[in-house]
Every structure is written in structure tokens, then in C-alpha cells.
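**Q** coords04.cif (mmCIF, N, CA and C atoms) pasted underneath:
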data_query
loop_
_atom_site.label_atom_id
_atom_site.label_comp_id
_atom_site.auth_asym_id
_atom_site.auth_seq_id
_atom_site.Cartn_x
_atom_site.Cartn_y
_atom_site.Cartn_z
N MET A 1 -15.86 28.17 36.68
CA MET A 1 -17.00 28.71 35.96
C MET A 1 -16.81 28.45 34.47
N LYS A 2 -17.76 27.78 33.87
CA LYS A 2 -17.68 27.44 32.45
C LYS A 2 -17.99 28.66 31.60
N ARG A 3 -17.25 28.77 30.48
CA ARG A 3 -17.43 29.90 29.58
C ARG A 3 -17.91 29.41 28.23
N GLY A 4 -18.76 30.20 27.58
CA GLY A 4 -19.17 29.91 26.22
C GLY A 4 -19.91 28.59 26.07
N LEU A 5 -19.86 28.06 24.87
CA LEU A 5 -20.51 26.79 24.58
C LEU A 5 -19.68 25.65 25.15
N VAL A 6 -20.35 24.71 25.83
CA VAL A 6 -19.67 23.63 26.52
C VAL A 6 -19.93 22.30 25.80
N ALA A 7 -18.85 21.64 25.44
CA ALA A 7 -18.92 20.29 24.86
C ALA A 7 -18.87 19.29 26.00
N THR A 8 -19.66 18.21 25.89
CA THR A 8 -19.66 17.19 26.93
C THR A 8 -19.56 15.81 26.30
N ALA A 9 -19.04 14.87 27.08
CA ALA A 9 -18.99 13.47 26.69
C ALA A 9 -18.99 12.64 27.96
N THR A 10 -19.62 11.48 27.90
CA THR A 10 -19.65 10.58 29.05
C THR A 10 -19.42 9.15 28.59
N ALA A 11 -18.96 8.34 29.52
CA ALA A 11 -18.79 6.91 29.26
C ALA A 11 -18.85 6.18 30.58
N THR A 12 -19.39 4.98 30.55
CA THR A 12 -19.32 4.09 31.70
C THR A 12 -18.36 2.98 31.32
N ILE A 13 -17.32 2.84 32.12
CA ILE A 13 -16.25 1.89 31.83
C ILE A 13 -16.30 0.78 32.87
N GLU A 14 -16.28 -0.44 32.40
CA GLU A 14 -16.42 -1.61 33.26
C GLU A 14 -15.09 -1.96 33.92
N THR A 15 -14.60 -1.02 34.71
CA THR A 15 -13.36 -1.21 35.46
C THR A 15 -13.37 -0.23 36.64
N PRO A 16 -12.66 -0.52 37.71
CA PRO A 16 -12.68 0.36 38.88
C PRO A 16 -12.10 1.75 38.61
N VAL A 17 -12.51 2.69 39.45
CA VAL A 17 -12.03 4.07 39.35
C VAL A 17 -10.50 4.12 39.33
N SER A 18 -9.84 3.31 40.15
CA SER A 18 -8.37 3.36 40.21
C SER A 18 -7.74 3.08 38.85
N SER A 19 -8.31 2.19 38.07
CA SER A 19 -7.78 1.88 36.73
C SER A 19 -8.02 3.03 35.77
N VAL A 20 -9.20 3.64 35.86
CA VAL A 20 -9.50 4.78 34.98
C VAL A 20 -8.60 5.95 35.34
N TRP A 21 -8.41 6.20 36.64
CA TRP A 21 -7.54 7.29 37.05
C TRP A 21 -6.12 7.09 36.51
N GLU A 22 -5.60 5.89 36.66
CA GLU A 22 -4.26 5.58 36.16
C GLU A 22 -4.18 5.85 34.65
N ALA A 23 -5.24 5.52 33.94
CA ALA A 23 -5.26 5.77 32.49
C ALA A 23 -5.29 7.26 32.15
N LEU A 24 -5.81 8.08 33.06
CA LEU A 24 -5.86 9.53 32.83
C LEU A 24 -4.52 10.21 33.05
N VAL A 25 -3.64 9.62 33.87
CA VAL A 25 -2.40 10.31 34.25
C VAL A 25 -1.13 9.56 33.85
N ASN A 26 -1.26 8.42 33.19
CA ASN A 26 -0.09 7.66 32.77
C ASN A 26 0.18 7.93 31.29
N PRO A 27 1.29 8.64 30.97
CA PRO A 27 1.55 9.01 29.58
C PRO A 27 1.57 7.84 28.60
N GLU A 28 2.08 6.69 29.01
CA GLU A 28 2.11 5.54 28.09
C GLU A 28 0.71 5.04 27.78
N THR A 29 -0.16 5.05 28.78
CA THR A 29 -1.54 4.63 28.56
C THR A 29 -2.29 5.68 27.74
N ILE A 30 -2.09 6.95 28.05
CA ILE A 30 -2.76 8.04 27.32
C ILE A 30 -2.46 7.92 25.83
N ARG A 31 -1.21 7.65 25.48
CA ARG A 31 -0.82 7.55 24.08
C ARG A 31 -1.65 6.48 23.35
N GLN A 32 -2.05 5.42 24.07
CA GLN A 32 -2.78 4.32 23.45
C GLN A 32 -4.22 4.66 23.10
N TYR A 33 -4.83 5.57 23.83
CA TYR A 33 -6.24 5.89 23.55
C TYR A 33 -6.47 7.32 23.08
N MET A 34 -5.46 8.18 23.16
CA MET A 34 -5.64 9.58 22.82
C MET A 34 -4.88 9.95 21.55
N PHE A 35 -5.17 9.22 20.49
CA PHE A 35 -4.69 9.57 19.16
C PHE A 35 -3.17 9.63 19.06
N GLY A 36 -2.46 8.85 19.90
CA GLY A 36 -1.01 8.76 19.83
C GLY A 36 -0.26 9.94 20.42
N THR A 37 -0.94 10.80 21.16
CA THR A 37 -0.29 11.98 21.73
C THR A 37 0.72 11.62 22.82
N THR A 38 1.73 12.45 22.95
CA THR A 38 2.70 12.33 24.04
C THR A 38 2.39 13.42 25.05
N VAL A 39 1.98 13.01 26.26
CA VAL A 39 1.60 13.96 27.31
C VAL A 39 2.72 14.06 28.32
N SER A 40 2.96 15.29 28.78
CA SER A 40 3.97 15.51 29.81
C SER A 40 3.39 16.44 30.87
N SER A 41 3.46 16.00 32.14
CA SER A 41 3.03 16.82 33.27
C SER A 41 3.49 16.13 34.55
N ASP A 42 3.61 16.90 35.63
CA ASP A 42 3.86 16.27 36.93
C ASP A 42 2.56 16.13 37.72
N TRP A 43 1.43 16.51 37.10
CA TRP A 43 0.09 16.28 37.63
C TRP A 43 -0.13 16.95 38.99
N ARG A 44 0.33 18.20 39.10
CA ARG A 44 0.10 18.98 40.32
C ARG A 44 -0.61 20.29 39.93
N PRO A 45 -1.48 20.79 40.79
CA PRO A 45 -2.14 22.06 40.47
C PRO A 45 -1.11 23.16 40.20
N GLY A 46 -1.34 23.91 39.14
CA GLY A 46 -0.44 24.99 38.75
C GLY A 46 0.67 24.55 37.83
N SER A 47 0.83 23.24 37.63
CA SER A 47 1.90 22.72 36.77
C SER A 47 1.48 22.72 35.30
N ALA A 48 2.48 22.78 34.45
CA ALA A 48 2.24 22.73 33.01
C ALA A 48 1.83 21.33 32.58
N ILE A 49 1.07 21.28 31.50
CA ILE A 49 0.77 20.04 30.81
C ILE A 49 0.91 20.31 29.32
N THR A 50 1.57 19.40 28.62
CA THR A 50 1.73 19.54 27.17
C THR A 50 1.31 18.25 26.49
N TRP A 51 0.86 18.41 25.25
CA TRP A 51 0.51 17.29 24.39
C TRP A 51 1.24 17.52 23.07
N ALA A 52 1.91 16.49 22.57
CA ALA A 52 2.64 16.64 21.31
C ALA A 52 2.38 15.43 20.44
N GLY A 53 2.33 15.66 19.15
CA GLY A 53 2.12 14.56 18.22
C GLY A 53 1.80 15.07 16.84
N GLU A 54 1.03 14.27 16.12
CA GLU A 54 0.62 14.63 14.77
C GLU A 54 -0.87 14.37 14.65
N TRP A 55 -1.60 15.33 14.11
CA TRP A 55 -3.05 15.22 13.94
C TRP A 55 -3.39 15.58 12.51
N GLN A 56 -4.01 14.64 11.81
CA GLN A 56 -4.41 14.85 10.42
C GLN A 56 -3.24 15.38 9.58
N GLY A 57 -2.07 14.76 9.79
CA GLY A 57 -0.88 15.09 9.00
C GLY A 57 -0.14 16.34 9.44
N ARG A 58 -0.56 16.97 10.52
CA ARG A 58 0.10 18.19 10.99
C ARG A 58 0.65 17.96 12.39
N LYS A 59 1.93 18.33 12.60
CA LYS A 59 2.53 18.23 13.93
C LYS A 59 1.93 19.32 14.83
N TYR A 60 1.81 18.99 16.11
CA TYR A 60 1.28 19.96 17.06
C TYR A 60 2.01 19.82 18.39
N GLU A 61 1.97 20.90 19.16
CA GLU A 61 2.38 20.88 20.55
C GLU A 61 1.43 21.81 21.30
N ASP A 62 0.44 21.20 21.93
CA ASP A 62 -0.56 21.94 22.69
C ASP A 62 -0.06 22.13 24.12
N ARG A 63 -0.65 23.09 24.82
CA ARG A 63 -0.20 23.35 26.19
C ARG A 63 -1.35 23.82 27.06
N GLY A 64 -1.10 23.71 28.34
CA GLY A 64 -2.08 24.16 29.32
C GLY A 64 -1.50 24.08 30.71
N THR A 65 -2.40 24.19 31.69
CA THR A 65 -2.02 24.17 33.09
C THR A 65 -3.01 23.30 33.86
N ILE A 66 -2.49 22.48 34.76
CA ILE A 66 -3.37 21.72 35.65
C ILE A 66 -4.00 22.72 36.62
N THR A 67 -5.32 22.80 36.65
CA THR A 67 -5.98 23.76 37.53
C THR A 67 -6.51 23.11 38.80
N ARG A 68 -7.03 21.88 38.67
CA ARG A 68 -7.50 21.15 39.86
C ARG A 68 -7.23 19.67 39.64
N ILE A 69 -6.88 19.00 40.73
CA ILE A 69 -6.67 17.56 40.64
C ILE A 69 -7.02 16.95 42.00
N GLN A 70 -7.88 15.95 41.96
CA GLN A 70 -8.25 15.18 43.15
C GLN A 70 -8.11 13.71 42.73
N PRO A 71 -6.99 13.07 43.04
CA PRO A 71 -6.75 11.71 42.55
C PRO A 71 -7.95 10.79 42.76
N GLY A 72 -8.30 10.11 41.68
CA GLY A 72 -9.42 9.19 41.70
C GLY A 72 -10.78 9.84 41.52
N ARG A 73 -10.82 11.17 41.43
CA ARG A 73 -12.11 11.86 41.35
C ARG A 73 -12.20 12.92 40.27
N LEU A 74 -11.13 13.76 40.14
CA LEU A 74 -11.26 14.94 39.30
C LEU A 74 -9.91 15.33 38.70
N LEU A 75 -9.94 15.64 37.42
CA LEU A 75 -8.78 16.22 36.73
C LEU A 75 -9.30 17.38 35.90
N GLU A 76 -8.72 18.56 36.11
CA GLU A 76 -9.12 19.74 35.35
C GLU A 76 -7.87 20.48 34.89
N TYR A 77 -7.90 20.89 33.63
CA TYR A 77 -6.76 21.61 33.08
C TYR A 77 -7.22 22.56 31.99
N THR A 78 -6.37 23.55 31.72
CA THR A 78 -6.62 24.42 30.58
C THR A 78 -5.92 23.80 29.37
N HIS A 79 -6.38 24.20 28.17
CA HIS A 79 -5.81 23.64 26.94
C HIS A 79 -5.84 24.69 25.85
N TYR A 80 -4.69 24.82 25.19
CA TYR A 80 -4.56 25.70 24.02
C TYR A 80 -3.82 24.95 22.93
N SER A 81 -4.33 25.08 21.71
CA SER A 81 -3.67 24.48 20.56
C SER A 81 -3.33 25.55 19.53
N PRO A 82 -2.03 25.68 19.18
CA PRO A 82 -1.67 26.61 18.13
C PRO A 82 -2.36 26.29 16.80
N LEU A 83 -2.75 25.02 16.59
CA LEU A 83 -3.45 24.65 15.36
C LEU A 83 -4.81 25.33 15.24
N SER A 84 -5.31 25.88 16.35
CA SER A 84 -6.60 26.57 16.31
C SER A 84 -6.52 27.85 15.48
N GLY A 85 -5.30 28.37 15.31
CA GLY A 85 -5.14 29.63 14.59
C GLY A 85 -5.41 30.85 15.47
N LEU A 86 -5.77 30.63 16.70
CA LEU A 86 -6.06 31.72 17.63
C LEU A 86 -4.78 32.16 18.33
N PRO A 87 -4.73 33.40 18.80
CA PRO A 87 -3.54 33.86 19.53
C PRO A 87 -3.44 33.15 20.88
N ASP A 88 -2.22 33.03 21.39
CA ASP A 88 -1.99 32.39 22.69
C ASP A 88 -2.27 33.42 23.79
N VAL A 89 -3.55 33.61 24.05
CA VAL A 89 -4.02 34.52 25.10
C VAL A 89 -5.07 33.77 25.92
N PRO A 90 -5.31 34.18 27.17
CA PRO A 90 -6.24 33.44 28.03
C PRO A 90 -7.59 33.14 27.38
N GLY A 91 -8.12 34.05 26.60
CA GLY A 91 -9.42 33.83 25.97
C GLY A 91 -9.44 32.73 24.93
N SER A 92 -8.27 32.26 24.51
CA SER A 92 -8.18 31.19 23.51
C SER A 92 -8.08 29.81 24.14
N TYR A 93 -8.03 29.74 25.46
CA TYR A 93 -7.89 28.46 26.15
C TYR A 93 -9.25 27.87 26.49
N HIS A 94 -9.33 26.56 26.45
CA HIS A 94 -10.48 25.81 26.95
C HIS A 94 -10.15 25.36 28.37
N THR A 95 -11.17 25.09 29.15
CA THR A 95 -10.99 24.36 30.40
C THR A 95 -11.65 23.00 30.21
N VAL A 96 -10.86 21.95 30.44
CA VAL A 96 -11.35 20.57 30.33
C VAL A 96 -11.47 20.02 31.74
N THR A 97 -12.64 19.51 32.07
CA THR A 97 -12.91 18.93 33.39
C THR A 97 -13.32 17.48 33.19
N ILE A 98 -12.63 16.59 33.89
CA ILE A 98 -12.94 15.17 33.83
C ILE A 98 -13.26 14.71 35.25
N GLU A 99 -14.49 14.22 35.43
CA GLU A 99 -14.94 13.75 36.74
C GLU A 99 -15.19 12.25 36.68
N LEU A 100 -14.79 11.56 37.74
CA LEU A 100 -14.99 10.12 37.83
C LEU A 100 -15.95 9.81 38.98
N GLU A 101 -16.85 8.85 38.74
CA GLU A 101 -17.76 8.40 39.79
C GLU A 101 -17.69 6.89 39.88
N ASP A 102 -17.48 6.42 41.10
CA ASP A 102 -17.41 4.98 41.37
C ASP A 102 -18.82 4.40 41.36
N LEU A 103 -19.05 3.44 40.49
CA LEU A 103 -20.35 2.77 40.39
C LEU A 103 -20.23 1.32 40.86
N GLY A 104 -19.43 1.09 41.89
CA GLY A 104 -19.29 -0.25 42.43
C GLY A 104 -18.56 -1.19 41.49
N GLY A 105 -17.34 -0.86 41.14
CA GLY A 105 -16.54 -1.69 40.24
C GLY A 105 -16.55 -1.20 38.80
N ARG A 106 -17.48 -0.32 38.49
CA ARG A 106 -17.52 0.36 37.18
C ARG A 106 -17.27 1.84 37.45
N THR A 107 -16.94 2.56 36.40
CA THR A 107 -16.64 3.99 36.56
C THR A 107 -17.39 4.80 35.52
N GLU A 108 -18.09 5.82 35.99
CA GLU A 108 -18.68 6.78 35.06
C GLU A 108 -17.68 7.93 34.89
N VAL A 109 -17.39 8.25 33.64
CA VAL A 109 -16.48 9.34 33.30
C VAL A 109 -17.33 10.45 32.67
N ARG A 110 -17.27 11.64 33.25
CA ARG A 110 -17.97 12.81 32.71
C ARG A 110 -16.93 13.86 32.34
N LEU A 111 -16.96 14.28 31.10
CA LEU A 111 -15.97 15.23 30.60
C LEU A 111 -16.69 16.44 30.03
N SER A 112 -16.14 17.62 30.29
CA SER A 112 -16.65 18.84 29.66
C SER A 112 -15.49 19.71 29.21
N GLN A 113 -15.73 20.44 28.13
CA GLN A 113 -14.75 21.39 27.59
C GLN A 113 -15.50 22.68 27.28
N ASP A 114 -15.11 23.76 27.93
CA ASP A 114 -15.80 25.03 27.73
C ASP A 114 -15.14 25.86 26.62
N ASN A 115 -15.69 27.04 26.43
CA ASN A 115 -15.12 28.06 25.55
C ASN A 115 -15.05 27.65 24.08
N ASN A 116 -16.05 26.90 23.61
CA ASN A 116 -16.15 26.60 22.19
C ASN A 116 -16.82 27.79 21.51
N ALA A 117 -16.19 28.29 20.47
CA ALA A 117 -16.61 29.56 19.87
C ALA A 117 -17.95 29.48 19.12
N THR A 118 -18.25 28.32 18.54
CA THR A 118 -19.46 28.16 17.75
C THR A 118 -20.11 26.82 18.07
N GLU A 119 -21.35 26.67 17.66
CA GLU A 119 -22.03 25.39 17.83
C GLU A 119 -21.30 24.30 17.06
N GLU A 120 -20.79 24.63 15.88
CA GLU A 120 -20.02 23.65 15.09
C GLU A 120 -18.76 23.22 15.85
N ALA A 121 -18.06 24.17 16.47
CA ALA A 121 -16.86 23.83 17.24
C ALA A 121 -17.22 22.96 18.44
N ARG A 122 -18.34 23.27 19.09
CA ARG A 122 -18.78 22.46 20.23
C ARG A 122 -19.05 21.02 19.79
N GLN A 123 -19.76 20.85 18.68
CA GLN A 123 -20.08 19.51 18.18
C GLN A 123 -18.81 18.76 17.78
N HIS A 124 -17.86 19.47 17.17
CA HIS A 124 -16.58 18.85 16.78
C HIS A 124 -15.83 18.37 18.03
N SER A 125 -15.80 19.21 19.06
CA SER A 125 -15.14 18.82 20.31
C SER A 125 -15.82 17.61 20.94
N GLU A 126 -17.15 17.61 20.95
CA GLU A 126 -17.87 16.46 21.52
C GLU A 126 -17.54 15.17 20.78
N LYS A 127 -17.46 15.25 19.46
CA LYS A 127 -17.12 14.07 18.65
C LYS A 127 -15.72 13.56 19.01
N ASN A 128 -14.76 14.47 19.12
CA ASN A 128 -13.39 14.06 19.47
C ASN A 128 -13.30 13.48 20.87
N TRP A 129 -13.97 14.12 21.85
CA TRP A 129 -13.92 13.61 23.22
C TRP A 129 -14.62 12.26 23.32
N ALA A 130 -15.74 12.09 22.61
CA ALA A 130 -16.43 10.79 22.63
C ALA A 130 -15.52 9.71 22.05
N ALA A 131 -14.80 10.02 20.98
CA ALA A 131 -13.86 9.05 20.40
C ALA A 131 -12.74 8.72 21.38
N MET A 132 -12.25 9.72 22.09
CA MET A 132 -11.20 9.48 23.08
C MET A 132 -11.72 8.57 24.20
N LEU A 133 -12.92 8.86 24.71
CA LEU A 133 -13.48 8.03 25.78
C LEU A 133 -13.78 6.61 25.28
N ASP A 134 -14.25 6.49 24.04
CA ASP A 134 -14.46 5.15 23.46
C ASP A 134 -13.15 4.38 23.39
N GLY A 135 -12.08 5.08 23.02
CA GLY A 135 -10.75 4.43 22.97
C GLY A 135 -10.28 4.00 24.35
N MET A 136 -10.49 4.85 25.34
CA MET A 136 -10.12 4.50 26.72
C MET A 136 -10.94 3.29 27.19
N LYS A 137 -12.22 3.31 26.93
CA LYS A 137 -13.11 2.22 27.33
C LYS A 137 -12.66 0.91 26.69
N ALA A 138 -12.40 0.94 25.40
CA ALA A 138 -11.96 -0.29 24.70
C ALA A 138 -10.65 -0.81 25.27
N LEU A 139 -9.72 0.09 25.55
CA LEU A 139 -8.43 -0.31 26.09
C LEU A 139 -8.58 -0.92 27.48
N LEU A 140 -9.33 -0.25 28.34
CA LEU A 140 -9.43 -0.72 29.73
C LEU A 140 -10.31 -1.95 29.90
N GLU A 141 -11.23 -2.14 28.98
CA GLU A 141 -12.11 -3.31 29.09
C GLU A 141 -11.58 -4.53 28.33
N SER A 142 -10.45 -4.37 27.64
CA SER A 142 -9.91 -5.51 26.85
C SER A 142 -9.17 -6.50 27.72
#
As C-alpha cells, what does this structure read like?
**A**
Amino acid sequence: MKRGLVATATATIETPVSSVWEALVNPETIRQYMFGTTVSSDWRPGSAITWAGEWQGRKYEDRGTITRIQPGRLLEYTHYSPLSGLPDVPGSYHTVTIELEDLGGRTEVRLSQDNNATEEARQHSEKNWAAMLDGMKALLES
């Protein structure tokens, strides 16, 4: 169940679902399109996921939990960033849902992030997710 304002982003990538899925769960590939972040997870429901790196000159280590995973179809996780300035409590976490649809050799990627506190925060999240998907698309289509 989505909470609060929901940011969305979509992309159609000219590559099969299997390639897009691999890009979603392979830390070396993620680093190439997701702003240089280092992701760590065993990609199982209930498992931790962390992102570490530097954003706009500030080091970060974000965290969350894999909530749902259906290989080749769906990846969902919670996400919290200490850089948000919010306390590390359940109400400060977003849920990010990434759905893949096979379009016969192409893949539609639909992403949503809930619990954005303001319209400005929702728009900021949409801009960041669109940039991430653009980076993934450029990488996979090159």
C-alpha cells in the first residue's frame, strides 16, 4: 500500500527483460548507472540492502530491506537515507517498487517511490529516478 505522495518514473529500454533484471541486481552494473553507488544485498525478501557512496560532496550510507522480489518481474525495497535529516523510524522510509514488463525484446520499467513529504520532494525524487533510468537505458543500449 503506497503512502503519501508517490514519485514515478518510466522508461522503455531496447533490451530483453533478462538484461534489465541483471542490471537491477548486479552491484557492478548498478554502480555504472546509479550515481556511482555501492549496493550490497543478497536479494532475498527480508534481507538488508545498503547503498554507500558520495552525493553532492557528502558521503552517505543508506539502508533498507528487500520486501518483495520476483526475478525478471518485480523488485521492491524500503529505503532510508540519513542525509534526509529525518529520524531512523519506519515513517521516514520510502518504499521503492520497480516493475518490468516484457515488450517482445524490449522492456518497460515502471518505478514508484512512496512517502514523499511534499510536492517538491516528490518532484525531486522523480527527477532523480528519471536520471537513474536514463543512465540504465544508455548503458544497456550502448
**Q** Considering all atoms listed in the file, state which residue in the set A:Ser125, A:Thr95, A:Ser47, A:Ser142 is at the smallest distance from Arg3 (chain A).
**A**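 Going through A:Ser125, A:Thr95, A:Ser47, A:Ser142 one by one, the smallest distance to Arg3 (chain A) is for A:Thr95.
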**Q** Report the distance between CA of Pro71 (chain A) and atom N of Gly53 (chain A) in Å, rounded to one decimal place.
**A**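 Computing it gives 25.4 Å between the two atoms.
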**Q** What's the separation between CA of Ile49 (chain A) and CA of Ala117 (chain A), in Å to one decimal place?
**A** 22.6 Å
**Q** My list of candidates is A:Val109, A:Gln32, A:Tyr93, A:Asp114. Which is closest to Leu139 (chain A) when distances are computed with only N, CA and C atoms?
**A**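 Smallest separation from Leu139 (chain A) among the options: A:Gln32.
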**Q** Take CA of Ile30 (chain A) and CA of Met132 (chain A) and report the distance between them in Å, one decimal.
**A**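 These two atoms are separated by 9.6 Å.
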**Q** Using all atoms listed in the file, can you tell me which of A:Gly105, A:Gly135, A:Gly46, A:Pro82 comes closest to Arg63 (chain A)?
**A**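 Closest residue, counting all atoms listed in the file: A:Pro82.
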**Q** Select, from A:Gly72, A:Pro16, A:Gly85, A:Gly36, the residue with the minimum atom-to-atom distance to Leu100 (chain A), counting only N, CA and C atoms.
**A**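 The answer is A:Gly72, which sits nearest to Leu100 (chain A).
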